[in-house]
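Notes follow once the structure below has been shown.
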Amino acid sequence: MTESDAIRVMIVDDHAVVRNGIRYSLLAFPDLELVAEAGSGREALEVCSRMSRSCALPNVVLMDLMMSGMDGVAATQALLAQHRQVRVIILTSFEQGPLVQEALGAGAIGYLLKDVAIDDLANAVRAAQRGKGTLAPAAAQALVAEAQRPQELGWDLTDREREVLGLVVEGMSNLQIARNLEISLSTARSHVSTILSKLAAANRAEAAALAVKHDLVIPTGHSYRDTMGHNPDVPAPQSRYNGKCGLQLACSVAR
């Protein structure tokens with residue numbers, strides 16, 4: 001195999017020891033060539049931007065999930081928006097269903113855990129180059145479990161309905177809600193009726209009680225999008241990840 005035939009691989013991870021472990025392990029595979037590294041999502045975008053000028057982008061990027069500044073999901077979205085031909089495999093210690101969904105939704109073609117055997121990692125890179133995805137068994141199980149998990153109460157409420165529900169909790173009448181939100185009375189009534197239906201509440205009092213119990217209302221002055229942390233001026237109630245990623249891969253490949 002000539003050097004030009006080798007699959008061009010890039011590693012993105014904020015742990016130097018992980019990058020080093022993968023780098024030396026790839027030497028065992030003549031069909032895989034490490035062409036770039038980055039210690040953050042932002043740096044990965046900058047490196048790929050420079051590489052694109054010479055038409056020498058990596059074929060496959062091994063992307064960490066939990067990184068400061070720009071996480072793996074955001075980096076994957078941004079990278080693929082600029083360079084659609086690149087394949088991204090998430091390489092992380094996290095196997096929770098919502099995280100797997102986010103990563104795949106961002107365009108990642110694979111999702112592996114850092115305890116993966118190096119031979120399996122190499123095969124996943126080869127599969128990604130052919131346009132085929134690879135999921136760690138634990139990640140696949142997490143996806144199934146997430147799909148089977150009952151939806152939380154209020155999951156189908158729109159932003160406006162959550163605003164209306166917040167005013168119901170405050171004890172406002174339909175007329176007061178209409179004036180507060182500058183909508184017609186009939187629209188306010190429609191919103192309240194829809195809310196009662198979605199919450200399976202018999203009346204406004206029950207809907208208000210459910211809203212408080214399940215934390216469904218929007219803080220005054222903010223939208224529901226704000227409370228999810230998408231607005232940089234409003235702190236998210238909790239971060240997407242809890243804790244720092246492990247280094248199992250580095251340990252396993254260094255042996």
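Simple scheme: letters A, B, ... for chains in structure tokens order, numbers from 1 for residues in each chain, numbers from 1 for ligands in the order shown.
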
* To do: Would you please extract all alpha helix (DSSP H) residues from range 15-205 of chain A, as assigned by DSSP on the backbone, and give them as an NGL selection string?
  => :A and (16-26 or 41-52 or 72-82 or 97-105 or 118-129 or 137-148 or 159-169 or 174-181 or 185-199 or 204-205)

Per-residue DSSP, range 64-239 of chain A, filtered to strand (DSSP E), as a short mmCIF file (atom, residue, chain, number, x, y, z; two decimals) with C-alpha atoms, in the first residue's frame:
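So the final result, stored in part.cif, reads:
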data_model
loop_
_atom_site.label_atom_id
_atom_site.label_comp_id
_atom_site.auth_asym_id
_atom_site.auth_seq_id
_atom_site.Cartn_x
_atom_site.Cartn_y
_atom_site.Cartn_z
CA ARG A 87 -16.04 11.27 8.79
CA VAL A 88 -16.21 11.75 12.55
CA ILE A 89 -16.07 8.99 15.15
CA ILE A 90 -16.83 10.02 18.72
CA LEU A 91 -14.33 8.47 21.14
CA THR A 92 -15.44 9.02 24.73
CA GLY A 110 -19.49 6.24 14.89
CA TYR A 111 -19.58 6.25 18.68
CA LEU A 112 -16.95 4.29 20.61
CA LEU A 113 -15.87 4.14 24.22
CA THR A 134 -19.82 1.68 14.22
CA LEU A 135 -21.48 1.85 17.65
#

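Counting only C-alpha atoms and comparing A:Ala81, A:Ala201, A:Ala188, A:Ala6, the residue that lies closest to Asn174 in chain A is A:Ala188.
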
* Residues within 7 Å of Arg162 in chain A, only C-alpha atoms, excluding chain neighbours under 4 positions, as a VMD selection string -> chain A and resid 157 to 158 166 216 to 218

Residues just named, written with C-alpha atoms as a short mmCIF file (atom, residue, chain, number, x, y, z; two decimals), in the first residue's frame:
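As a result, part05.cif now contains:
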data_model
loop_
_atom_site.label_atom_id
_atom_site.label_comp_id
_atom_site.auth_asym_id
_atom_site.auth_seq_id
_atom_site.Cartn_x
_atom_site.Cartn_y
_atom_site.Cartn_z
CA LEU A 157 -45.31 21.61 25.60
CA THR A 158 -44.24 24.43 23.29
CA GLY A 166 -46.18 29.85 34.21
CA LEU A 216 -42.27 22.81 33.88
CA VAL A 217 -42.62 26.57 34.10
CA ILE A 218 -40.35 29.22 32.60
#

* Write out as a PyMOL selection string the residues lying within 6 Å of range 7-12 of chain A, counting only C-alpha atoms and excluding same-chain residues fewer than 4 positions away. => chain A and resi 32-39+58-64

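Counting only C-alpha atoms and comparing A:Leu121, A:Ala211, A:Ala128, A:Glu161, the residue that lies closest to Ser190 in chain A is A:Glu161.
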
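In this model, the gap between CA of Val116 in chain A and CA of Ser40 in chain A comes to 21.4 Å.
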
* Structure fact -> Glu170 in chain A proximity check over A:Val100, A:Met70, A:Ala208, A:Ile118, using only C-alpha atoms: winner is A:Ala208

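As for CA of Ala74 in chain A and CA of Gly107 in chain A, they are spaced 10.3 Å apart.
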
Show me, as a compact mmCIF listing (two decimals) with N, CA and C atoms, in the first residue's frame, the residues that have an atom within 6 Å of range 136-149 of chain A when counting only C-alpha atoms, minus same-chain residues fewer than 6 positions from it.
# COMPACT_ATOMS: atom_id res chain seq x y z
N GLU A 95 -21.49 6.89 27.88
CA GLU A 95 -22.33 6.01 27.09
C GLU A 95 -23.82 6.29 27.25
N GLN A 96 -24.17 7.42 27.90
CA GLN A 96 -25.58 7.73 28.12
C GLN A 96 -26.31 7.95 26.79
N GLY A 97 -27.55 7.45 26.74
CA GLY A 97 -28.35 7.53 25.53
C GLY A 97 -28.48 8.93 24.95
N LEU A 112 -17.71 5.33 19.92
CA LEU A 112 -16.95 4.29 20.61
C LEU A 112 -16.54 4.77 21.99

* Can you work out the spacing between CA of Arg53 in chain A and CA of Gln85 in chain A in Å, to one decimal? => 14.6 Å
